[in-house]
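I have placed the structure first, in the form of structure tokens, so that the comments after it can refer back to it.
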Amino acid sequence: MRERAREGAREGRPLLVIAGLFAVGTCVTWLAVTHLAYATGVAGTSGHLSVQSCSYTEMGAHRYPHCHGIFRSDDGTVVDTDARIDADLDVGSTVPLRRTSADGYEQIGVDAAFGWLALSLLGLVVLLLGAMATATAVRTRPGPGTGSRALRVLLGVLITAMLTSAFIGGATGLLQTH
């Protein structure tokens with residue numbers, strides 16, 4: 001009886017891993033694509049933030065910036081005198097932003113776009129790993145499964161694109177001055 005219970009638990013583990021991969025991959029992809037839409041200017045209200053003050057919250061060894069100011073949309077229809085973004089900006093500067101549907105703010109530009117693209121691709125990598133784990137779990141005959149080479153090539157392409165995007169986003173972020 002105990003042996004049967006252990007065997008059942010062992011057989012259920014791959015299903016939990018697969019479900020976890022699909023859940024994490026879906027959440028990461030959804031979050032990143034949403035922010036990518038704002039960072040590229042596809043979604044949200046475009047405008048500028050006049051930075052009036054910045055403060056920092058410390059947690060452990062990390063400092064998290066919070067800058068406040070006045071946001072004005074480019075078309076003049078939105079003015080938010082209490083706008084806040086969690087980014088390290090120079091007081092007195094005016095920076096382009098996108099206002100989100102949740103009344104938050106997103107930075108726009110090459111560095112933000114490539115950063116969110118990299119995270120979107122990470123989500124797709126996790127989803128693909130879930131698909132590959134599913135294919136392995138349901139395979140009935142020994143040896144490589146149907147399409148496993150194609151999935152591995154796709155995985156390599158996604159990882160390469162993700163790392164390239166992260167590098168470009170990081171490099172352009174370092175080169176920009178705020």
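Just remember, in the structure tokens the first chain shown is A, the second B, etc., residues are 1-based per chain, and ligands are 1-based in the order shown.
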Compile the contact shell of Cys27 of chain A as a PDB file with C-alpha atoms, in the first residue's frame: residues with an atom at most 12 Å away, counting only C-alpha atoms, same-chain residues fewer than 2 positions apart removed.
ATOM      1  CA  GLY A  20       4.266  25.228 -12.626  1.00  0.00           C
ATOM      2  CA  LEU A  21       6.220  25.949 -15.809  1.00  0.00           C
ATOM      3  CA  PHE A  22       3.060  26.885 -17.690  1.00  0.00           C
ATOM      4  CA  ALA A  23       1.785  29.060 -14.799  1.00  0.00           C
ATOM      5  CA  VAL A  24       5.086  30.924 -14.353  1.00  0.00           C
ATOM      6  CA  GLY A  25       5.661  31.271 -18.102  1.00  0.00           C
ATOM      7  CA  THR A  29       4.958  36.732 -20.429  1.00  0.00           C
ATOM      8  CA  TRP A  30       1.708  38.560 -19.673  1.00  0.00           C
ATOM      9  CA  LEU A  31       3.368  41.001 -17.269  1.00  0.00           C
ATOM     10  CA  ALA A  32       6.296  41.706 -19.570  1.00  0.00           C
ATOM     11  CA  VAL A  33       4.235  42.124 -22.756  1.00  0.00           C
ATOM     12  CA  THR A  34       1.954  44.581 -20.938  1.00  0.00           C
ATOM     13  CA  LEU A 119      11.629  39.464 -19.961  1.00  0.00           C
ATOM     14  CA  SER A 120       8.893  38.617 -22.489  1.00  0.00           C
ATOM     15  CA  LEU A 122      12.133  34.670 -20.789  1.00  0.00           C
ATOM     16  CA  GLY A 123       8.437  33.963 -20.282  1.00  0.00           C
ATOM     17  CA  LEU A 124       8.290  32.290 -23.695  1.00  0.00           C
ATOM     18  CA  VAL A 126       9.636  28.967 -19.664  1.00  0.00           C
ATOM     19  CA  LEU A 127       6.467  28.174 -21.655  1.00  0.00           C
TER      20      LEU A 127
END
Item checked: For Ile85 of chain A: contacts at 9 Å, only C-alpha atoms, fewer than 2 positions along chain excluded, given as a list of chain:residue names ->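 That gives A:Pro65, A:His66, A:Cys67, A:His68, A:Gly69, A:Ala83, A:Ala87, A:Asp88, A:Gly104, A:Tyr105, A:Glu106, A:Gln107.
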Note to self: DSSP on the backbone: which residues in chain A end up as helix (DSSP H, G or I)? Give the answer as a VMD selection string.
What the structure shows: chain A and resid 2 to 39 110 to 138 148 to 175
Margin query: I need the residues of segment 36-81 of chain A that end up classed as strand (DSSP E or B) by DSSP on the backbone, written out as a PyMOL selection string.
Written below: chain A and resi 45-59+62-73+79-81
Note to self: If we count only C-alpha atoms and set the cut-off at 9 Å, which residues sit around segment 168-170 of chain A, ignoring sequence neighbours fewer than 6 positions away in its own chain? Please answer as a ChimeraX atom specification.
What the structure shows: /A:110-118
Margin query: Excluding Ile18 of chain A and its own-chain neighbours fewer than 6 positions away, which residues fall within 9 Å of it when counting only C-alpha atoms? Please give them as a count of residues only.
Written below: 5
Notebook entry, point to check: With distances taken over only C-alpha atoms, which of A:Ile108, A:Val17, A:Ala43, A:Leu128 is nearest to Arg152 of chain A?
Noted result: A:Leu128
Item checked: Nearest candidate to Val125 of chain A (options A:Val157, A:Leu89, A:Leu16, A:Ala150; using only C-alpha atoms) ->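 Looking only at the distances to Val125 of chain A, the closest residue turns out to be A:Val157.
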Note to self: Could you tell me how far atom CA of His48 of chain A sits from atom CA of Arg99 of chain A, in Å to one decimal place?
What the structure shows: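 Distance between the two atoms: 9.5 Å.
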Notebook entry, point to check: Distance atom CA of Gly41 of chain A-atom CA of Gly92 of chain A, one decimal place?
Noted result: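 So the two atoms, atom CA of Gly41 of chain A and atom CA of Gly92 of chain A, lie 23.8 Å apart.
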